[in-house]
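Undergrad: What follows is the file coords.pdb, containing PDB, C-alpha atoms and all ligand atoms:
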```
ATOM      1  CA  MET A   1     -19.420  -4.230 -11.239
ATOM      2  CA  THR A   2     -18.951  -5.695  -7.774
ATOM      3  CA  ARG A   3     -21.667  -6.477  -5.286
ATOM      4  CA  ASP A   4     -21.704  -7.490  -1.688
ATOM      5  CA  ILE A   5     -22.352 -11.122  -0.862
ATOM      6  CA  ASP A   6     -25.690 -10.257   0.788
ATOM      7  CA  ASP A   7     -27.035  -8.356  -2.177
ATOM      8  CA  GLY A   8     -28.845 -11.376  -3.578
ATOM      9  CA  PRO A   9     -28.550 -13.295  -6.841
ATOM     10  CA  LEU A  10     -26.175 -11.993  -9.448
ATOM     11  CA  ALA A  11     -27.076 -11.040 -12.974
ATOM     12  CA  ASP A  12     -25.062 -10.424 -16.122
ATOM     13  CA  GLY A  13     -21.925 -12.208 -14.980
ATOM     14  CA  ALA A  14     -21.032  -9.730 -12.211
ATOM     15  CA  SER A  15     -18.993 -11.008  -9.288
ATOM     16  CA  ALA A  16     -19.750 -10.468  -5.617
ATOM     17  CA  ASN A  17     -17.227  -9.726  -2.903
ATOM     18  CA  VAL A  18     -16.530 -12.638  -0.599
ATOM     19  CA  GLN A  19     -16.753 -12.054   3.151
ATOM     20  CA  LEU A  20     -13.736 -13.251   5.057
ATOM     21  CA  THR A  21     -12.721 -13.506   8.703
ATOM     22  CA  THR A  22     -10.232 -10.892   9.908
ATOM     23  CA  ILE A  23      -7.377 -12.043  12.115
ATOM     24  CA  SER A  24      -5.446  -9.512  14.197
ATOM     25  CA  ALA A  25      -1.661  -9.862  13.894
ATOM     26  CA  ALA A  26      -1.242  -8.793  17.532
ATOM     27  CA  LYS A  27      -3.729 -11.394  18.774
ATOM     28  CA  LEU A  28      -2.269 -14.081  16.521
ATOM     29  CA  LEU A  29       1.251 -13.440  17.826
ATOM     30  CA  GLY A  30      -0.140 -13.243  21.381
ATOM     31  CA  ASN A  31      -1.772 -16.699  21.068
ATOM     32  CA  ASP A  32      -5.223 -15.302  21.798
ATOM     33  CA  PRO A  33      -7.601 -18.309  22.189
ATOM     34  CA  GLN A  34     -10.551 -16.800  20.282
ATOM     35  CA  THR A  35      -8.246 -15.759  17.418
ATOM     36  CA  GLN A  36      -6.916 -19.308  17.276
ATOM     37  CA  LYS A  37     -10.470 -20.631  16.947
ATOM     38  CA  ASP A  38     -11.416 -18.038  14.310
ATOM     39  CA  LEU A  39      -8.307 -18.884  12.304
ATOM     40  CA  LEU A  40      -9.077 -22.592  12.376
ATOM     41  CA  GLU A  41     -12.649 -22.039  11.204
ATOM     42  CA  ALA A  42     -11.522 -19.756   8.363
ATOM     43  CA  CYS A  43      -8.912 -22.282   7.257
ATOM     44  CA  LYS A  44     -11.365 -25.207   7.351
ATOM     45  CA  ASP A  45     -13.801 -23.170   5.290
ATOM     46  CA  LEU A  46     -12.207 -21.367   2.307
ATOM     47  CA  GLY A  47      -8.660 -21.210   3.649
ATOM     48  CA  PHE A  48      -8.728 -17.453   2.975
ATOM     49  CA  PHE A  49      -8.702 -14.676   5.593
ATOM     50  CA  TYR A  50      -7.568 -11.099   6.147
ATOM     51  CA  LEU A  51      -4.609 -10.480   8.426
ATOM     52  CA  ASP A  52      -4.798  -7.041  10.048
ATOM     53  CA  CYS A  53      -1.165  -5.939  10.230
ATOM     54  CA  ARG A  54      -1.857  -2.474  11.638
ATOM     55  CA  ASP A  55      -1.642  -3.717  15.204
ATOM     56  CA  HIS A  56       1.563  -5.754  14.818
ATOM     57  CA  PRO A  57       3.208  -5.223  18.202
ATOM     58  CA  SER A  58       6.845  -4.795  17.308
ATOM     59  CA  SER A  59       7.607  -4.296  13.670
ATOM     60  CA  PRO A  60       6.773  -1.894  10.863
ATOM     61  CA  VAL A  61       5.411  -4.619   8.595
ATOM     62  CA  LEU A  62       3.428  -2.239   6.426
ATOM     63  CA  SER A  63       6.313   0.166   5.877
ATOM     64  CA  LEU A  64       8.589  -2.747   4.918
ATOM     65  CA  VAL A  65       5.990  -3.853   2.370
ATOM     66  CA  ALA A  66       5.646  -0.300   1.005
ATOM     67  CA  GLU A  67       9.416  -0.025   0.676
ATOM     68  CA  MET A  68       9.567  -3.379  -1.138
ATOM     69  CA  ALA A  69       6.907  -2.132  -3.572
ATOM     70  CA  SER A  70       8.900   1.013  -4.294
ATOM     71  CA  THR A  71      12.113  -1.004  -4.794
ATOM     72  CA  ALA A  72      10.259  -3.332  -7.148
ATOM     73  CA  LEU A  73       9.026  -0.450  -9.300
ATOM     74  CA  ASP A  74      12.636   0.785  -9.655
ATOM     75  CA  PHE A  75      13.619  -2.755 -10.686
ATOM     76  CA  TYR A  76      10.851  -3.066 -13.276
ATOM     77  CA  ASP A  77      12.011   0.159 -14.948
ATOM     78  CA  LEU A  78      15.390  -1.431 -15.769
ATOM     79  CA  PRO A  79      16.169  -3.049 -19.128
ATOM     80  CA  GLU A  80      15.287  -6.733 -19.207
ATOM     81  CA  SER A  81      18.871  -7.722 -20.041
ATOM     82  CA  ILE A  82      20.127  -6.893 -16.534
ATOM     83  CA  LYS A  83      17.229  -8.337 -14.556
ATOM     84  CA  GLU A  84      17.838 -11.532 -12.584
ATOM     85  CA  ASN A  85      15.450 -13.705 -10.569
ATOM     86  CA  TYR A  86      12.858 -12.273 -12.929
ATOM     87  CA  LYS A  87       9.876 -13.668 -14.846
ATOM     88  CA  PRO A  88       8.626 -11.573 -17.775
ATOM     89  CA  ALA A  89       4.906 -11.456 -18.568
ATOM     90  CA  GLY A  90       3.566 -14.109 -20.939
ATOM     91  CA  LYS A  91       5.641 -17.101 -19.822
ATOM     92  CA  GLN A  92       2.743 -19.073 -18.350
ATOM     93  CA  GLU A  93      -0.880 -19.686 -19.180
ATOM     94  CA  GLY A  94      -3.103 -16.759 -18.175
ATOM     95  CA  ALA A  95      -6.578 -16.129 -16.774
ATOM     96  CA  VAL A  96      -8.220 -16.456 -20.220
ATOM     97  CA  LYS A  97      -8.261 -19.777 -22.049
ATOM     98  CA  GLY A  98      -5.613 -19.815 -24.779
ATOM     99  CA  LYS A  99      -3.957 -16.577 -23.629
ATOM    100  CA  LYS A 100      -0.745 -16.057 -21.687
ATOM    101  CA  ASP A 101      -0.342 -14.586 -18.209
ATOM    102  CA  GLY A 102      -0.330 -10.822 -17.691
ATOM    103  CA  TRP A 103       2.224 -10.416 -14.888
ATOM    104  CA  GLU A 104       5.931  -9.951 -14.479
ATOM    105  CA  GLY A 105       7.589 -10.972 -11.259
ATOM    106  CA  ILE A 106      10.668 -10.725  -9.069
ATOM    107  CA  ILE A 107      11.280 -14.030  -7.309
ATOM    108  CA  LEU A 108      13.538 -13.945  -4.236
ATOM    109  CA  MET A 109      14.128 -17.453  -2.883
ATOM    110  CA  GLU A 110      14.773 -17.178   0.829
ATOM    111  CA  HIS A 111      17.103 -20.103   1.535
ATOM    112  CA  PRO A 112      19.548 -19.662  -1.381
ATOM    113  CA  LEU A 113      19.836 -15.918  -0.672
ATOM    114  CA  ALA A 114      20.528 -16.637   3.008
ATOM    115  CA  GLN A 115      23.517 -18.758   1.982
ATOM    116  CA  ILE A 116      25.271 -15.772   0.364
ATOM    117  CA  PRO A 117      27.879 -14.406   2.793
ATOM    118  CA  PRO A 118      27.075 -10.867   3.968
ATOM    119  CA  GLU A 119      30.218  -9.491   2.334
ATOM    120  CA  ASP A 120      29.256 -10.931  -1.094
ATOM    121  CA  PRO A 121      26.773  -9.185  -3.402
ATOM    122  CA  MET A 122      23.322 -10.605  -4.041
ATOM    123  CA  PRO A 123      22.596 -11.576  -7.656
ATOM    124  CA  GLY A 124      20.912  -8.893  -9.695
ATOM    125  CA  PRO A 125      21.237  -5.202 -10.457
ATOM    126  CA  PRO A 126      22.299  -2.626  -7.794
ATOM    127  CA  VAL A 127      18.687  -1.811  -6.904
ATOM    128  CA  ILE A 128      18.349  -5.370  -5.568
ATOM    129  CA  GLN A 129      21.892  -5.635  -4.181
ATOM    130  CA  ASN A 130      21.363  -2.438  -2.199
ATOM    131  CA  ALA A 131      18.042  -3.699  -0.858
ATOM    132  CA  ARG A 132      19.418  -6.820   0.821
ATOM    133  CA  GLY A 133      18.641  -5.568   4.345
ATOM    134  CA  LEU A 134      15.100  -4.647   3.311
ATOM    135  CA  ILE A 135      14.533  -7.975   1.550
ATOM    136  CA  GLU A 136      15.787  -9.987   4.526
ATOM    137  CA  ALA A 137      13.785  -7.925   7.034
ATOM    138  CA  THR A 138      10.624  -8.368   4.962
ATOM    139  CA  GLN A 139      11.196 -12.112   4.633
ATOM    140  CA  ASP A 140      11.807 -12.353   8.383
ATOM    141  CA  GLN A 141       8.731 -10.392   9.435
ATOM    142  CA  LEU A 142       6.297 -12.008   7.003
ATOM    143  CA  GLY A 143       7.836 -15.423   7.680
ATOM    144  CA  GLU A 144       7.354 -14.928  11.416
ATOM    145  CA  MET A 145       3.639 -14.186  10.956
ATOM    146  CA  SER A 146       3.205 -17.121   8.563
ATOM    147  CA  ARG A 147       4.890 -19.482  11.028
ATOM    148  CA  ALA A 148       2.599 -18.160  13.766
ATOM    149  CA  ILE A 149      -0.364 -19.090  11.541
ATOM    150  CA  VAL A 150       1.046 -22.596  11.020
ATOM    151  CA  ASP A 151       1.727 -23.043  14.754
ATOM    152  CA  SER A 152      -1.724 -21.817  15.729
ATOM    153  CA  LEU A 153      -3.416 -24.224  13.311
ATOM    154  CA  SER A 154      -1.210 -27.057  14.512
ATOM    155  CA  ARG A 155      -2.234 -26.432  18.135
ATOM    156  CA  SER A 156      -5.905 -26.242  17.174
ATOM    157  CA  LEU A 157      -5.651 -29.559  15.348
ATOM    158  CA  HIS A 158      -3.797 -31.144  18.283
ATOM    159  CA  MET A 159      -0.886 -31.885  15.982
ATOM    160  CA  THR A 160       2.032 -31.818  18.408
ATOM    161  CA  GLY A 161       5.505 -33.345  18.714
ATOM    162  CA  ASP A 162       6.410 -35.386  15.633
ATOM    163  CA  GLN A 163       3.047 -34.522  14.094
ATOM    164  CA  SER A 164       3.370 -30.767  14.480
ATOM    165  CA  LEU A 165       3.041 -28.636  11.382
ATOM    166  CA  GLY A 166       5.735 -26.308  12.723
ATOM    167  CA  ARG A 167       8.269 -29.123  12.463
ATOM    168  CA  HIS A 168       8.091 -28.805   8.671
ATOM    169  CA  HIS A 169       8.482 -25.018   8.645
ATOM    170  CA  ARG A 170      11.568 -24.332  10.742
ATOM    171  CA  LYS A 171      13.386 -21.170   9.857
ATOM    172  CA  GLY A 172      16.688 -21.777   8.089
ATOM    173  CA  CYS A 173      15.834 -25.260   6.731
ATOM    174  CA  PRO A 174      16.158 -25.699   2.960
ATOM    175  CA  ALA A 175      12.695 -24.934   1.595
ATOM    176  CA  PRO A 176      11.180 -23.374  -1.548
ATOM    177  CA  THR A 177       9.898 -20.429   0.550
ATOM    178  CA  ASP A 178      10.157 -17.140  -1.318
ATOM    179  CA  LEU A 179       9.201 -13.498  -1.530
ATOM    180  CA  GLU A 180       7.696 -12.436  -4.850
ATOM    181  CA  ILE A 181       6.680  -9.052  -6.175
ATOM    182  CA  LEU A 182       4.240  -9.302  -9.072
ATOM    183  CA  LYS A 183       3.292  -6.473 -11.387
ATOM    184  CA  TYR A 184       0.216  -6.931 -13.555
ATOM    185  CA  LEU A 185       0.039  -5.349 -16.994
ATOM    186  CA  PRO A 186      -2.674  -2.728 -17.541
ATOM    187  CA  TYR A 187      -5.617  -4.436 -19.248
ATOM    188  CA  VAL A 188      -7.337  -3.385 -22.409
ATOM    189  CA  PRO A 189      -9.989  -5.551 -24.101
ATOM    190  CA  GLY A 190      -8.292  -7.889 -26.510
ATOM    191  CA  SER A 191      -4.982  -7.992 -24.597
ATOM    192  CA  GLU A 192      -3.081 -11.170 -25.353
ATOM    193  CA  LYS A 193      -1.511 -11.371 -21.866
ATOM    194  CA  VAL A 194      -4.152 -11.399 -19.140
ATOM    195  CA  GLY A 195      -4.151 -12.024 -15.406
ATOM    196  CA  HIS A 196      -3.148 -15.123 -13.489
ATOM    197  CA  ILE A 197      -4.289 -18.652 -14.267
ATOM    198  CA  PRO A 198      -6.826 -20.351 -11.950
ATOM    199  CA  HIS A 199      -4.776 -22.437  -9.541
ATOM    200  CA  THR A 200      -4.354 -23.608  -5.981
ATOM    201  CA  ASP A 201      -1.149 -22.564  -4.245
ATOM    202  CA  LEU A 202       1.295 -25.382  -3.791
ATOM    203  CA  GLY A 203       2.836 -24.472  -0.428
ATOM    204  CA  SER A 204       1.665 -23.649   3.091
ATOM    205  CA  VAL A 205       0.753 -19.970   3.710
ATOM    206  CA  SER A 206       0.534 -17.257   1.055
ATOM    207  CA  MET A 207       0.467 -13.707   2.433
ATOM    208  CA  VAL A 208      -0.504 -11.148  -0.192
ATOM    209  CA  PHE A 209      -0.272  -7.354   0.070
ATOM    210  CA  SER A 210      -1.892  -5.372  -2.733
ATOM    211  CA  ASP A 211      -3.968  -2.219  -2.929
ATOM    212  CA  VAL A 212      -5.633  -3.006  -6.263
ATOM    213  CA  GLY A 213      -8.398  -5.590  -6.761
ATOM    214  CA  GLY A 214      -8.662  -8.468  -9.197
ATOM    215  CA  LEU A 215      -8.021 -11.477  -6.925
ATOM    216  CA  GLN A 216     -10.904 -13.934  -7.034
ATOM    217  CA  VAL A 217     -11.580 -17.114  -5.089
ATOM    218  CA  PHE A 218     -13.892 -19.870  -6.275
ATOM    219  CA  HIS A 219     -16.572 -20.455  -3.652
ATOM    220  CA  PRO A 220     -17.374 -24.172  -3.747
ATOM    221  CA  LEU A 221     -20.792 -23.868  -2.074
ATOM    222  CA  ARG A 222     -21.982 -20.888  -4.091
ATOM    223  CA  LYS A 223     -20.229 -22.376  -7.119
ATOM    224  CA  GLU A 224     -19.100 -18.981  -8.309
ATOM    225  CA  TRP A 225     -16.038 -16.768  -8.541
ATOM    226  CA  MET A 226     -15.975 -14.013  -5.940
ATOM    227  CA  PHE A 227     -13.694 -11.010  -5.561
ATOM    228  CA  VAL A 228     -11.390 -10.728  -2.557
ATOM    229  CA  PRO A 229     -11.141  -6.938  -2.334
ATOM    230  CA  PRO A 230      -7.955  -5.422  -0.894
ATOM    231  CA  ARG A 231      -8.167  -3.703   2.495
ATOM    232  CA  PRO A 232      -5.701  -1.023   3.616
ATOM    233  CA  GLY A 233      -3.324  -2.297   6.289
ATOM    234  CA  HIS A 234      -4.341  -5.908   5.761
ATOM    235  CA  ALA A 235      -2.820  -8.862   3.962
ATOM    236  CA  VAL A 236      -4.968 -11.456   2.220
ATOM    237  CA  CYS A 237      -3.740 -14.848   3.418
ATOM    238  CA  ASN A 238      -4.571 -18.244   1.993
ATOM    239  CA  LEU A 239      -3.429 -21.790   2.563
ATOM    240  CA  GLY A 240      -1.807 -23.938  -0.097
ATOM    241  CA  ASP A 241      -1.887 -27.620  -1.005
ATOM    242  CA  ALA A 242       0.818 -28.643   1.477
ATOM    243  CA  MET A 243      -1.258 -27.493   4.459
ATOM    244  CA  GLU A 244      -4.304 -29.313   3.121
ATOM    245  CA  PHE A 245      -2.360 -32.540   2.647
ATOM    246  CA  LEU A 246      -0.378 -32.306   5.919
ATOM    247  CA  SER A 247      -3.598 -31.700   7.875
ATOM    248  CA  GLY A 248      -5.262 -34.803   6.447
ATOM    249  CA  ASN A 249      -7.472 -32.628   4.221
ATOM    250  CA  VAL A 250      -9.001 -30.770   7.180
ATOM    251  CA  LEU A 251      -7.631 -27.403   6.057
ATOM    252  CA  ARG A 252      -8.514 -25.933   2.679
ATOM    253  CA  SER A 253      -6.350 -24.879  -0.268
ATOM    254  CA  SER A 254      -8.852 -22.975  -2.422
ATOM    255  CA  LEU A 255      -8.881 -22.291  -6.119
ATOM    256  CA  HIS A 256      -8.159 -18.661  -7.042
ATOM    257  CA  ARG A 257      -7.118 -16.481  -9.979
ATOM    258  CA  VAL A 258      -6.404 -12.836 -10.821
ATOM    259  CA  ILE A 259      -8.442 -11.029 -13.470
ATOM    260  CA  PRO A 260      -8.373  -7.394 -14.606
ATOM    261  CA  TYR A 261     -10.254  -5.136 -12.236
ATOM    262  CA  THR A 262     -12.044  -2.344 -13.983
ATOM    263  CA  GLN A 263     -12.914  -0.516 -10.746
ATOM    264  CA  ASP A 264      -9.315   0.664 -10.525
ATOM    265  CA  PRO A 265      -8.746   1.878 -14.094
ATOM    266  CA  GLY A 266      -5.200   2.888 -14.909
ATOM    267  CA  LYS A 267      -3.793   1.699 -11.590
ATOM    268  CA  ILE A 268      -0.817  -0.643 -11.655
ATOM    269  CA  LYS A 269      -1.520  -3.740  -9.614
ATOM    270  CA  LEU A 270       1.480  -4.744  -7.538
ATOM    271  CA  SER A 271       1.277  -7.778  -5.276
ATOM    272  CA  ILE A 272       3.940  -8.345  -2.632
ATOM    273  CA  ILE A 273       3.628 -11.984  -1.644
ATOM    274  CA  HIS A 274       5.396 -14.132   0.912
ATOM    275  CA  PHE A 275       5.031 -17.841   0.168
ATOM    276  CA  LEU A 276       5.859 -19.997   3.190
ATOM    277  CA  ARG A 277       6.491 -23.543   2.023
ATOM    278  CA  PRO A 278       7.502 -26.640   3.994
ATOM    279  CA  SER A 279      11.047 -28.001   4.092
ATOM    280  CA  GLU A 280      11.929 -29.507   0.743
ATOM    281  CA  HIS A 281      12.178 -33.085   2.094
ATOM    282  CA  THR A 282       8.793 -32.998   3.828
ATOM    283  CA  LYS A 283       6.592 -35.824   2.534
ATOM    284  CA  ILE A 284       3.067 -35.047   1.374
ATOM    285  CA  VAL A 285       0.387 -37.290  -0.108
ATOM    286  CA  SER A 286      -1.822 -35.963  -2.903
ATOM    287  CA  PRO A 287      -5.522 -36.924  -3.106
ATOM    288  CA  ASP A 288      -4.730 -39.759  -5.546
ATOM    289  CA  GLY A 289      -2.631 -41.424  -2.818
ATOM    290  CA  LYS A 290       0.726 -40.631  -4.411
ATOM    291  CA  GLU A 291       3.569 -39.598  -2.104
ATOM    292  CA  TRP A 292       5.715 -36.593  -2.993
ATOM    293  CA  THR A 293       8.424 -34.559  -1.371
ATOM    294  CA  VAL A 294       7.582 -30.879  -1.179
ATOM    295  CA  ALA A 295      10.430 -30.208  -3.623
ATOM    296  CA  GLU A 296       8.873 -32.635  -6.131
ATOM    297  CA  TRP A 297       5.364 -31.150  -5.744
ATOM    298  CA  ASN A 298       6.821 -27.649  -6.116
ATOM    299  CA  THR A 299       8.776 -28.529  -9.258
ATOM    300  CA  MET A 300       5.864 -30.433 -10.806
ATOM    301  CA  LYS A 301       3.317 -27.630 -10.348
ATOM    302  CA  HIS A 302       5.683 -24.934 -11.564
ATOM    303  CA  LYS A 303       6.538 -27.024 -14.610
ATOM    304  CA  LEU A 304       2.885 -27.521 -15.504
ATOM    305  CA  LEU A 305       2.270 -23.778 -15.366
ATOM    306  CA  HIS A 306       4.815 -23.351 -18.144
ATOM    307  CA  GLU A 307       3.570 -26.136 -20.418
ATOM    308  CA  GLY A 308       0.877 -24.663 -22.598
ATOM    309  CA  GLY A 309       0.567 -27.520 -25.081
ATOM    310  CA  GLU A 310      -0.551 -30.148 -22.589
ATOM    311  CA  MET A 311      -2.745 -27.705 -20.736
ATOM    312  CA  GLN A 312      -6.003 -29.612 -20.854
ATOM    313  CA  LYS A 313      -4.423 -32.637 -19.213
ATOM    314  CA  ASN A 314      -2.456 -30.569 -16.715
ATOM    315  CA  LEU A 315      -5.188 -28.219 -15.671
ATOM    316  CA  SER A 316      -6.801 -30.614 -13.216
ATOM    317  CA  ILE A 317      -3.497 -30.767 -11.300
ATOM    318  CA  ILE A 318      -3.037 -27.003 -11.317
ATOM    319  CA  THR A 319      -6.631 -26.318 -10.261
ATOM    320  CA  ARG A 320      -7.285 -29.663  -8.519
ATOM    321  CA  ARG A 321     -10.745 -29.719 -10.143
ATOM    322  CA  GLU A 322     -11.409 -32.337 -12.748
ATOM    323  CA  GLY A 323     -13.257 -31.419 -15.912
ATOM    324  CA  GLN A 324     -14.058 -27.797 -15.026
ATOM    325  CA  ASP A 325     -13.456 -24.692 -17.087
ATOM    326  CA  ASP A 326     -12.231 -22.156 -14.561
ATOM    327  CA  PHE A 327     -10.926 -19.586 -17.022
ATOM    328  CA  TRP A 328     -12.215 -16.047 -17.031
ATOM    329  CA  ARG A 329     -14.602 -15.040 -19.801
ATOM    330  CA  GLU A 330     -13.450 -11.620 -20.830
ATOM    331  CA  GLN A 331     -16.886 -10.155 -21.396
ATOM    332  CA  ALA A 332     -17.918 -10.781 -17.789
ATOM    333  CA  VAL A 333     -16.437  -7.600 -16.253
TER
HETATM  334 FE    FE B   1      -1.904 -18.147  -5.907
END
```
Before we go any further, please render this structure as structure tokens.
TA:
Amino acid sequence: MTRDIDDGPLADGASANVQLTTISAAKLLGNDPQTQKDLLEACKDLGFFYLDCRDHPSSPVLSLVAEMASTALDFYDLPESIKENYKPAGKQEGAVKGKKDGWEGIILMEHPLAQIPPEDPMPGPPVIQNARGLIEATQDQLGEMSRAIVDSLSRSLHMTGDQSLGRHHRKGCPAPTDLEILKYLPYVPGSEKVGHIPHTDLGSVSMVFSDVGGLQVFHPLRKEWMFVPPRPGHAVCNLGDAMEFLSGNVLRSSLHRVIPYTQDPGKIKLSIIHFLRPSEHTKIVSPDGKEWTVAEWNTMKHKLLHEGGEMQKNLSIITRREGQDDFWREQAV
């Protein structure tokens, strides 16, 4: 059961839909002043917003995303032995305490792939090798919009010159930026592999395209988990830890997770996600005052996601909330 945020108090563990600001891609790319203000407010609040890609002025963003989804489905049908840049389901902790994750993923790191000469094949099976043009075009278009978000926020925060956020996100610099296509397993009660662990994103801008629900954000004022429903033609964008740290904690990297979504029974949830991350040598300072390079922060958070045994200790770094149980209770849907 989902309810709208204005429907009043919730009973029986149901989750409401969060209301988010919508940013127009055309106005963002056109440096529209009101859009810049709206974006700043959204990113100081939850750090989540919708990006309306239907009015993108020059590129078929949505058809690129649809083509990537179709390519990914062809890839997932292949035997595991020939998959590369691939994470099977169940390798990390999941959305339910003590259970593993319920998603498989293709992970296409932008900088290493860009170093492969055009005449050489990309790693992976033919379905990926033949999609190089599509992959690069998708990375370029989503990267351009993500960089526009970073530049807009930087201008709003008067971070210019050496302080500019764009300085850490130049195209072509070595960075852990990637394009990922995630496929969630169909859920049945009692499944041992479920959803996506509560976490904050580690990088700068995450741009998520999906037409099936299940994404939830933790609302710190309401102190509850709320659904972020998908909207046709829109991406759900959120900021990660690096933007929070680089902005002096003005911008927000919010806690989120993915749980099964019973309103879309039988539908496969695919998420096409572009993760813009800062250059690997960019220095960031975590809330405990420790300095990290982005590469170190990236490696540390990824490593923790794979270490089930030490989970209790690690969870506060993954979720950045001390002493809280943010796992999904399966009976709540
Ligand atoms: Fe995430």
Undergrad: Counting all atoms listed in the file, what is within 10 Å of A:Asp178, bar same-chain residues fewer than 4 positions away, as number ranges by chain?
TA: A: 107-113, 139, 143, 206, 273-277
Undergrad: Do you know which residues are at most 12 Å from A:Cys53 counting all atoms listed in the file, after dropping those on the same chain fewer than 2 positions away, and could you put them as a PDB file with C-alpha atoms, keeping the file's coordinate frame?
TA:
```
ATOM      1  CA  THR A  22     -10.232 -10.892   9.908  1.00  0.00           C
ATOM      2  CA  ILE A  23      -7.377 -12.043  12.115  1.00  0.00           C
ATOM      3  CA  SER A  24      -5.446  -9.512  14.197  1.00  0.00           C
ATOM      4  CA  ALA A  25      -1.661  -9.862  13.894  1.00  0.00           C
ATOM      5  CA  ALA A  26      -1.242  -8.793  17.532  1.00  0.00           C
ATOM      6  CA  LYS A  27      -3.729 -11.394  18.774  1.00  0.00           C
ATOM      7  CA  LEU A  28      -2.269 -14.081  16.521  1.00  0.00           C
ATOM      8  CA  LEU A  29       1.251 -13.440  17.826  1.00  0.00           C
ATOM      9  CA  TYR A  50      -7.568 -11.099   6.147  1.00  0.00           C
ATOM     10  CA  LEU A  51      -4.609 -10.480   8.426  1.00  0.00           C
ATOM     11  CA  ASP A  55      -1.642  -3.717  15.204  1.00  0.00           C
ATOM     12  CA  HIS A  56       1.563  -5.754  14.818  1.00  0.00           C
ATOM     13  CA  PRO A  57       3.208  -5.223  18.202  1.00  0.00           C
ATOM     14  CA  SER A  58       6.845  -4.795  17.308  1.00  0.00           C
ATOM     15  CA  SER A  59       7.607  -4.296  13.670  1.00  0.00           C
ATOM     16  CA  PRO A  60       6.773  -1.894  10.863  1.00  0.00           C
ATOM     17  CA  VAL A  61       5.411  -4.619   8.595  1.00  0.00           C
ATOM     18  CA  LEU A  62       3.428  -2.239   6.426  1.00  0.00           C
ATOM     19  CA  SER A  63       6.313   0.166   5.877  1.00  0.00           C
ATOM     20  CA  LEU A  64       8.589  -2.747   4.918  1.00  0.00           C
ATOM     21  CA  VAL A  65       5.990  -3.853   2.370  1.00  0.00           C
ATOM     22  CA  GLN A 141       8.731 -10.392   9.435  1.00  0.00           C
ATOM     23  CA  LEU A 142       6.297 -12.008   7.003  1.00  0.00           C
ATOM     24  CA  MET A 145       3.639 -14.186  10.956  1.00  0.00           C
ATOM     25  CA  MET A 207       0.467 -13.707   2.433  1.00  0.00           C
ATOM     26  CA  VAL A 208      -0.504 -11.148  -0.192  1.00  0.00           C
ATOM     27  CA  PHE A 209      -0.272  -7.354   0.070  1.00  0.00           C
ATOM     28  CA  ARG A 231      -8.167  -3.703   2.495  1.00  0.00           C
ATOM     29  CA  PRO A 232      -5.701  -1.023   3.616  1.00  0.00           C
ATOM     30  CA  GLY A 233      -3.324  -2.297   6.289  1.00  0.00           C
ATOM     31  CA  HIS A 234      -4.341  -5.908   5.761  1.00  0.00           C
ATOM     32  CA  ALA A 235      -2.820  -8.862   3.962  1.00  0.00           C
ATOM     33  CA  VAL A 236      -4.968 -11.456   2.220  1.00  0.00           C
ATOM     34  CA  CYS A 237      -3.740 -14.848   3.418  1.00  0.00           C
TER      35      CYS A 237
END
```
Undergrad: Taking the file as shown, find all residues satisfying the PyMOL selection byres (((chain A and resi 123-125) around 10) and not hetatm) and write them as a PDB file with C-alpha atoms, in the coordinates of the input.
TA:
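Below you can see expr-v5.pdb, which holds the result:
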```
ATOM      1  CA  PHE A  75      13.619  -2.755 -10.686  1.00  0.00           C
ATOM      2  CA  LEU A  78      15.390  -1.431 -15.769  1.00  0.00           C
ATOM      3  CA  ILE A  82      20.127  -6.893 -16.534  1.00  0.00           C
ATOM      4  CA  LYS A  83      17.229  -8.337 -14.556  1.00  0.00           C
ATOM      5  CA  GLU A  84      17.838 -11.532 -12.584  1.00  0.00           C
ATOM      6  CA  ASN A  85      15.450 -13.705 -10.569  1.00  0.00           C
ATOM      7  CA  TYR A  86      12.858 -12.273 -12.929  1.00  0.00           C
ATOM      8  CA  LEU A 108      13.538 -13.945  -4.236  1.00  0.00           C
ATOM      9  CA  LEU A 113      19.836 -15.918  -0.672  1.00  0.00           C
ATOM     10  CA  ILE A 116      25.271 -15.772   0.364  1.00  0.00           C
ATOM     11  CA  ASP A 120      29.256 -10.931  -1.094  1.00  0.00           C
ATOM     12  CA  PRO A 121      26.773  -9.185  -3.402  1.00  0.00           C
ATOM     13  CA  MET A 122      23.322 -10.605  -4.041  1.00  0.00           C
ATOM     14  CA  PRO A 126      22.299  -2.626  -7.794  1.00  0.00           C
ATOM     15  CA  VAL A 127      18.687  -1.811  -6.904  1.00  0.00           C
ATOM     16  CA  ILE A 128      18.349  -5.370  -5.568  1.00  0.00           C
ATOM     17  CA  GLN A 129      21.892  -5.635  -4.181  1.00  0.00           C
ATOM     18  CA  ASN A 130      21.363  -2.438  -2.199  1.00  0.00           C
TER      19      ASN A 130
END
```
Undergrad: Rank A:Thr319, A:Thr200, A:Ser191, A:Asn17 by their smallest atom-to-atom distance to A:Lys99, using only C-alpha atoms, and report the top residue only.
TA: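 The shortest atom-to-atom distance to A:Lys99 comes from A:Ser191.
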Undergrad: Which centre and edge lengths in Å to one decimal define the box along x, y and z that fits every listed atom of stretch 279-297 of chain A plus 8 Å per side, as AutoDock Vina command-line options?
TA:
```
--center_x 3.3 --center_y -34.7 --center_z -1.0 --size_x 33.7 --size_y 29.4 --size_z 26.2
```
Undergrad: Go through A:Leu40, A:Met300, A:Val217, A:Val285 and flag the residue nearest ligand FE 1 (chain B), using all atoms listed in the file for the distances.
TA: A:Val217
Undergrad: Selection in question (the file shown): the PyMOL selection byres (((chain A and resi 153) around 12) and not hetatm). Which residues does it include, as a count of residues only?
TA: 41
Undergrad: Quick one: residues within 7 Å of ligand FE 1 (chain B), with all atoms listed in the file, as a PyMOL selection string?
TA: chain A and resi 199-201+256-257
